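S.K.: Supplied in structure tokens, the structure appears directly below.
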Amino acid sequence: MAVAGVGGSVVPVAVGAERLPNLAGVADGSTFMAWKGVDGDQRIWWNQLVNGTGWTGPQPVDGAATSAGVALAGPWGGPLCMAWKGVLGDERIWWNSFDGGAWSAPQQVPGAASSVGPALTDYAGVFMAWKGVTGDQQIWWNSYYGGWTAPQAVPGASSGFGPALAVDRSGGPYGVPCMAWKGVDGDQRIWWNSYQGGSTGSNSWTGPQPVDGAATSAGVALAGQPGGGLLMAWKGVDGDQRIWWSRLYPSSTVWTPPQAVPGARSGVGPALAVYGGSTVMTWKGADGDQRIWWNRFDPGGSVWSDPQPILGASTGFRPALATVGA
């Protein structure tokens with residue numbers, strides 16, 4: 001099997017191209033979560049946010065299992081797409097989709113493999129990025145263009161954990177995909193960059209830059225904000241299980257100073273997704289607590305709601321979130 005790191009030509013991204021079929025079974029604005037089970041359970045589970053106030057009961061995804069990371073993305077009109085690292089001993093990346101009624105059968109993403117798991121975002125279809133296999137800390141990326149393009153390394157981007165992806169809707173008519181990640185082993189700084197392809201067909205990324213004051217031992221999450229800009233959240237450094245957050249306002253290149261999210265603690269890190277005019281965050285609890293918690297961020301007042309556990313949802317890693325068409 002070819003693994004990430006084998007070069008190949010990449011189909012230039014056609015901005016606004018229809019890459020995935022519109023499926024009415026998944027309504028735009030619907031928010032979904034997926035996650036690996038608790039320690040010893042490699043099944044992947046999913047549920048849905050209902051009216052912004054509660055979650056449906058967890059259900060397993062047939063045929064899908066992982067030892068680590070799951071990712072979700074919801075292009076406008078659907079389907080909801082999911083990608084994940086395989087079970088213990090299997091570093092291949094797999095993917096499927098949900099049409100509102102059922103999940104499709106898992107398929108391998110050609111040439112893509114990771115020791116941690118991928119990130120997804122919607123951008124004229126689906127973008128994916130991931131840390132390489134064991135021993136490879138490079139970050140790789142591809143896109144779904146009627147089929148997956150060949151993996152390419154992101155210049156200068158390396159991570160000991162794995163990246164996060166989101167689209168800043170303030171950048172041009174279709175927005176600009178942005179990425180954030182923890183540095184390599186021994187480097188807990190958080191780095192970020194943005195994609196400079198689209199109509200230029202260049203398929204290039206800006207040079208990585210550190211986020212001032214932001215550091216983590218594990219997971220970073222990103223979400224594009226209503227009206228433009230980005231929200232980022234992350235677990236603290238070794239010994240700090242608080243969840244921190246920062247904003248990048250539209251047309252700015254400077255992140256706001258990090259602030260702790262009141263009452264939110266995690267041993268791995270959070271996930272973010274826009275829901276209506278606010279942002280939803282979910283996360284695995286602190287060490288010894290495998291429950292999944294959630295809250296919401298009001299961008300107008302920069303206020304987080306009180307954390308609440310999600311009934312029946314527990315994980316040994318961290319969850320993934322996506323809102324279709326957001």
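Convention: chains lettered A, B, ... in structure tokens order; per-chain residue numbering from 1; ligands numbered from 1 as shown.
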Would you mind listing what lies within 6 Å of region 307-311 of chain A as a list of chain:residue names, with only C-alpha atoms counted and same-chain residues fewer than 3 positions away left out?

M.R.: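 Final neighbour list, sorted by chain and number: A:Ile292, A:Trp293, A:Trp294, A:Asn295.
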
S.K.: What would the file look like if the residues just selected were written as a PDB file, in the first residue's frame with all heavy atoms?

M.R.:
ATOM      1  N   ILE A 292     -17.919  13.032  27.392  1.00  0.00           N
ATOM      2  CA  ILE A 292     -17.802  14.146  26.452  1.00  0.00           C
ATOM      3  C   ILE A 292     -18.669  15.293  26.968  1.00  0.00           C
ATOM      4  O   ILE A 292     -19.837  15.102  27.310  1.00  0.00           O
ATOM      5  CB  ILE A 292     -18.228  13.743  25.026  1.00  0.00           C
ATOM      6  CG1 ILE A 292     -17.279  12.670  24.483  1.00  0.00           C
ATOM      7  CG2 ILE A 292     -18.234  14.960  24.101  1.00  0.00           C
ATOM      8  CD1 ILE A 292     -17.650  12.148  23.106  1.00  0.00           C
ATOM      9  N   TRP A 293     -18.071  16.467  27.027  1.00  0.00           N
ATOM     10  CA  TRP A 293     -18.716  17.673  27.520  1.00  0.00           C
ATOM     11  C   TRP A 293     -18.954  18.637  26.365  1.00  0.00           C
ATOM     12  O   TRP A 293     -18.331  18.528  25.310  1.00  0.00           O
ATOM     13  CB  TRP A 293     -17.823  18.336  28.569  1.00  0.00           C
ATOM     14  CG  TRP A 293     -17.610  17.517  29.805  1.00  0.00           C
ATOM     15  CD1 TRP A 293     -16.775  16.442  29.935  1.00  0.00           C
ATOM     16  CD2 TRP A 293     -18.244  17.696  31.071  1.00  0.00           C
ATOM     17  NE1 TRP A 293     -16.854  15.931  31.212  1.00  0.00           N
ATOM     18  CE2 TRP A 293     -17.746  16.690  31.935  1.00  0.00           C
ATOM     19  CE3 TRP A 293     -19.167  18.607  31.568  1.00  0.00           C
ATOM     20  CZ2 TRP A 293     -18.136  16.570  33.261  1.00  0.00           C
ATOM     21  CZ3 TRP A 293     -19.563  18.495  32.890  1.00  0.00           C
ATOM     22  CH2 TRP A 293     -19.064  17.488  33.717  1.00  0.00           C
ATOM     23  N   TRP A 294     -19.856  19.600  26.586  1.00  0.00           N
ATOM     24  CA  TRP A 294     -20.065  20.602  25.554  1.00  0.00           C
ATOM     25  C   TRP A 294     -20.489  21.932  26.156  1.00  0.00           C
ATOM     26  O   TRP A 294     -20.975  21.998  27.291  1.00  0.00           O
ATOM     27  CB  TRP A 294     -21.091  20.126  24.526  1.00  0.00           C
ATOM     28  CG  TRP A 294     -22.540  20.217  24.932  1.00  0.00           C
ATOM     29  CD1 TRP A 294     -23.177  19.502  25.903  1.00  0.00           C
ATOM     30  CD2 TRP A 294     -23.539  21.059  24.336  1.00  0.00           C
ATOM     31  NE1 TRP A 294     -24.510  19.835  25.954  1.00  0.00           N
ATOM     32  CE2 TRP A 294     -24.765  20.788  25.010  1.00  0.00           C
ATOM     33  CE3 TRP A 294     -23.524  21.988  23.301  1.00  0.00           C
ATOM     34  CZ2 TRP A 294     -25.952  21.438  24.673  1.00  0.00           C
ATOM     35  CZ3 TRP A 294     -24.712  22.632  22.967  1.00  0.00           C
ATOM     36  CH2 TRP A 294     -25.902  22.364  23.650  1.00  0.00           C
ATOM     37  N   ASN A 295     -20.274  22.982  25.388  1.00  0.00           N
ATOM     38  CA  ASN A 295     -20.782  24.315  25.710  1.00  0.00           C
ATOM     39  C   ASN A 295     -20.892  25.123  24.421  1.00  0.00           C
ATOM     40  O   ASN A 295     -20.674  24.582  23.319  1.00  0.00           O
ATOM     41  CB  ASN A 295     -19.915  25.012  26.769  1.00  0.00           C
ATOM     42  CG  ASN A 295     -18.509  25.300  26.304  1.00  0.00           C
ATOM     43  OD1 ASN A 295     -18.133  24.979  25.161  1.00  0.00           O
ATOM     44  ND2 ASN A 295     -17.693  25.874  27.164  1.00  0.00           N
TER      45      ASN A 295
END

S.K.: Given only C-alpha atoms, how would the per-residue table for region 120-232 of chain A near region 77-100 of chain A read, listing every residue at most 10 Å away with its closest atom pair and distance in Å to one decimal, sorted by chain and number, as a Markdown table?

M.R.:
| residue | atom | partner | partner_atom | distance |
| --- | --- | --- | --- | --- |
| A:Leu120 | CA | A:Ala83 | CA | 7.6 |
| A:Thr121 | CA | A:Cys81 | CA | 9.3 |
| A:Asp122 | CA | A:Cys81 | CA | 9.2 |
| A:Gly125 | CA | A:Gly78 | CA | 9.6 |
| A:Val126 | CA | A:Cys81 | CA | 8.1 |
| A:Met128 | CA | A:Ala83 | CA | 8.6 |
| A:Trp130 | CA | A:Ile93 | CA | 9.3 |
| A:Gly132 | CA | A:Glu91 | CA | 9.0 |
| A:Val133 | CA | A:Glu91 | CA | 6.6 |
| A:Thr134 | CA | A:Glu91 | CA | 8.4 |

S.K.: Please, could you write that set of residues out with all heavy atoms as a PDB file, in the first residue's frame?

M.R.:
ATOM      1  N   LEU A 120     -10.588  17.573   8.671  1.00  0.00           N
ATOM      2  CA  LEU A 120     -11.378  17.840   7.474  1.00  0.00           C
ATOM      3  C   LEU A 120     -11.994  19.226   7.542  1.00  0.00           C
ATOM      4  O   LEU A 120     -12.293  19.729   8.628  1.00  0.00           O
ATOM      5  CB  LEU A 120     -12.520  16.827   7.334  1.00  0.00           C
ATOM      6  CG  LEU A 120     -12.218  15.374   6.996  1.00  0.00           C
ATOM      7  CD1 LEU A 120     -13.518  14.560   7.029  1.00  0.00           C
ATOM      8  CD2 LEU A 120     -11.563  15.241   5.624  1.00  0.00           C
ATOM      9  N   THR A 121     -12.214  19.829   6.384  1.00  0.00           N
ATOM     10  CA  THR A 121     -13.058  21.012   6.279  1.00  0.00           C
ATOM     11  C   THR A 121     -13.678  21.030   4.895  1.00  0.00           C
ATOM     12  O   THR A 121     -13.179  20.375   3.974  1.00  0.00           O
ATOM     13  CB  THR A 121     -12.273  22.312   6.554  1.00  0.00           C
ATOM     14  OG1 THR A 121     -13.191  23.389   6.765  1.00  0.00           O
ATOM     15  CG2 THR A 121     -11.351  22.673   5.397  1.00  0.00           C
ATOM     16  N   ASP A 122     -14.777  21.755   4.754  1.00  0.00           N
ATOM     17  CA  ASP A 122     -15.414  21.867   3.449  1.00  0.00           C
ATOM     18  C   ASP A 122     -14.851  23.075   2.716  1.00  0.00           C
ATOM     19  O   ASP A 122     -14.705  24.154   3.281  1.00  0.00           O
ATOM     20  CB  ASP A 122     -16.929  22.016   3.603  1.00  0.00           C
ATOM     21  CG  ASP A 122     -17.311  23.245   4.397  1.00  0.00           C
ATOM     22  OD1 ASP A 122     -16.947  23.327   5.593  1.00  0.00           O
ATOM     23  OD2 ASP A 122     -17.967  24.149   3.832  1.00  0.00           O
ATOM     24  N   GLY A 125     -15.985  21.270  -1.844  1.00  0.00           N
ATOM     25  CA  GLY A 125     -15.860  19.838  -1.648  1.00  0.00           C
ATOM     26  C   GLY A 125     -15.275  19.598  -0.272  1.00  0.00           C
ATOM     27  O   GLY A 125     -15.768  20.135   0.712  1.00  0.00           O
ATOM     28  N   VAL A 126     -14.191  18.836  -0.204  1.00  0.00           N
ATOM     29  CA  VAL A 126     -13.594  18.510   1.093  1.00  0.00           C
ATOM     30  C   VAL A 126     -12.077  18.631   1.017  1.00  0.00           C
ATOM     31  O   VAL A 126     -11.453  18.152   0.069  1.00  0.00           O
ATOM     32  CB  VAL A 126     -13.972  17.079   1.530  1.00  0.00           C
ATOM     33  CG1 VAL A 126     -13.256  16.684   2.811  1.00  0.00           C
ATOM     34  CG2 VAL A 126     -15.482  16.975   1.733  1.00  0.00           C
ATOM     35  N   MET A 128      -8.555  17.751   3.322  1.00  0.00           N
ATOM     36  CA  MET A 128      -8.097  16.927   4.428  1.00  0.00           C
ATOM     37  C   MET A 128      -6.615  17.199   4.688  1.00  0.00           C
ATOM     38  O   MET A 128      -5.841  17.433   3.758  1.00  0.00           O
ATOM     39  CB  MET A 128      -8.309  15.438   4.142  1.00  0.00           C
ATOM     40  CG  MET A 128      -7.917  14.534   5.305  1.00  0.00           C
ATOM     41  SD  MET A 128      -8.513  12.833   5.150  1.00  0.00           S
ATOM     42  CE  MET A 128      -7.504  12.247   3.794  1.00  0.00           C
ATOM     43  N   TRP A 130      -3.279  15.871   7.606  1.00  0.00           N
ATOM     44  CA  TRP A 130      -2.987  14.881   8.636  1.00  0.00           C
ATOM     45  C   TRP A 130      -1.474  14.842   8.904  1.00  0.00           C
ATOM     46  O   TRP A 130      -0.667  15.179   8.054  1.00  0.00           O
ATOM     47  CB  TRP A 130      -3.463  13.490   8.220  1.00  0.00           C
ATOM     48  CG  TRP A 130      -2.794  12.929   6.994  1.00  0.00           C
ATOM     49  CD1 TRP A 130      -1.703  12.087   6.954  1.00  0.00           C
ATOM     50  CD2 TRP A 130      -3.155  13.158   5.608  1.00  0.00           C
ATOM     51  NE1 TRP A 130      -1.378  11.782   5.655  1.00  0.00           N
ATOM     52  CE2 TRP A 130      -2.245  12.427   4.813  1.00  0.00           C
ATOM     53  CE3 TRP A 130      -4.166  13.900   4.989  1.00  0.00           C
ATOM     54  CZ2 TRP A 130      -2.306  12.424   3.411  1.00  0.00           C
ATOM     55  CZ3 TRP A 130      -4.223  13.910   3.604  1.00  0.00           C
ATOM     56  CH2 TRP A 130      -3.309  13.176   2.822  1.00  0.00           C
ATOM     57  N   GLY A 132       1.793  12.541   9.419  1.00  0.00           N
ATOM     58  CA  GLY A 132       2.177  11.291   8.779  1.00  0.00           C
ATOM     59  C   GLY A 132       2.188  10.092   9.728  1.00  0.00           C
ATOM     60  O   GLY A 132       1.780  10.167  10.885  1.00  0.00           O
ATOM     61  N   VAL A 133       2.687   8.994   9.223  1.00  0.00           N
ATOM     62  CA  VAL A 133       2.734   7.740   9.986  1.00  0.00           C
ATOM     63  C   VAL A 133       3.737   7.853  11.123  1.00  0.00           C
ATOM     64  O   VAL A 133       4.448   8.852  11.262  1.00  0.00           O
ATOM     65  CB  VAL A 133       3.098   6.565   9.063  1.00  0.00           C
ATOM     66  CG1 VAL A 133       2.019   6.339   8.017  1.00  0.00           C
ATOM     67  CG2 VAL A 133       4.469   6.797   8.399  1.00  0.00           C
ATOM     68  N   THR A 134       3.812   6.808  11.939  1.00  0.00           N
ATOM     69  CA  THR A 134       4.775   6.778  13.034  1.00  0.00           C
ATOM     70  C   THR A 134       6.180   7.058  12.498  1.00  0.00           C
ATOM     71  O   THR A 134       6.624   6.417  11.536  1.00  0.00           O
ATOM     72  CB  THR A 134       4.745   5.412  13.736  1.00  0.00           C
ATOM     73  OG1 THR A 134       3.421   5.178  14.237  1.00  0.00           O
ATOM     74  CG2 THR A 134       5.737   5.350  14.878  1.00  0.00           C
TER      75      THR A 134
END

S.K.: Go through region 26-222 of chain A and collect every residue that DSSP, computed from the backbone, puts in strand (DSSP E); the answer should be as a PyMOL selection string.

M.R.: chain A and resi 31-36+43-50+54-55+59-65+70-73+80-85+92-98+107-113+118-122+126-131+138-144+152-158+163-168+176-182+189-194+209-215+220-222

S.K.: Considering only C-alpha atoms, can you say which of A:Ile243, A:Met281, A:Ala64, A:Ala166 comes closest to Ala264 (chain A)?

M.R.: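 Distance minimum relative to Ala264 (chain A) lands on A:Ile243.
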
S.K.: Write out as an MDAnalysis selection string which residues come within 10 Å of Ser305 (chain A) when counting only C-alpha atoms, dropping same-chain ones fewer than 5 positions away.

M.R.: chainID A and resid 261:263 280 294:298

S.K.: Put those residues in a file: N, CA, C and O atoms, as a tab-separated table (two decimals), in the first residue's frame.

M.R.:
chain	number	residue	atom	x	y	z
A	261	VAL	N	-11.14	28.86	29.01
A	261	VAL	CA	-12.59	28.66	28.95
A	261	VAL	C	-13.06	28.25	30.34
A	261	VAL	O	-12.62	27.21	30.86
A	262	PRO	N	-13.94	29.01	30.97
A	262	PRO	CA	-14.33	28.71	32.35
A	262	PRO	C	-14.90	27.29	32.51
A	262	PRO	O	-15.82	26.89	31.80
A	263	GLY	N	-14.30	26.53	33.42
A	263	GLY	CA	-14.82	25.21	33.77
A	263	GLY	C	-14.51	24.09	32.81
A	263	GLY	O	-14.92	22.95	33.05
A	280	VAL	N	-20.23	25.87	18.83
A	280	VAL	CA	-20.34	24.76	19.77
A	280	VAL	C	-18.96	24.15	19.97
A	280	VAL	O	-18.18	23.99	19.01
A	294	TRP	N	-19.86	19.60	26.59
A	294	TRP	CA	-20.07	20.60	25.55
A	294	TRP	C	-20.49	21.93	26.16
A	294	TRP	O	-20.98	22.00	27.29
A	295	ASN	N	-20.27	22.98	25.39
A	295	ASN	CA	-20.78	24.32	25.71
A	295	ASN	C	-20.89	25.12	24.42
A	295	ASN	O	-20.67	24.58	23.32
A	296	ARG	N	-21.26	26.40	24.55
A	296	ARG	CA	-21.41	27.26	23.38
A	296	ARG	C	-20.74	28.61	23.62
A	296	ARG	O	-20.68	29.10	24.75
A	297	PHE	N	-20.25	29.18	22.53
A	297	PHE	CA	-19.57	30.47	22.57
A	297	PHE	C	-20.42	31.51	21.86
A	297	PHE	O	-20.81	31.32	20.70
A	298	ASP	N	-20.73	32.61	22.55
A	298	ASP	CA	-21.45	33.74	21.96
A	298	ASP	C	-20.42	34.73	21.45
A	298	ASP	O	-19.77	35.42	22.25

S.K.: Check the smallest atom-to-atom distance from each of A:Gly316, A:Gly183, A:Pro250, A:Pro270 to Gly227 (chain A) using only C-alpha atoms, then report the winner.

M.R.: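 So, comparing all the options, the nearest one is A:Pro250.
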
S.K.: Calculated over only C-alpha atoms, which of the candidates A:Pro110, A:Gly213, A:Gly207, A:Gly229 has the smallest distance to Val274 (chain A)?

M.R.: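 Going through A:Pro110, A:Gly213, A:Gly207, A:Gly229 one by one, the smallest distance to Val274 (chain A) is for A:Gly229.
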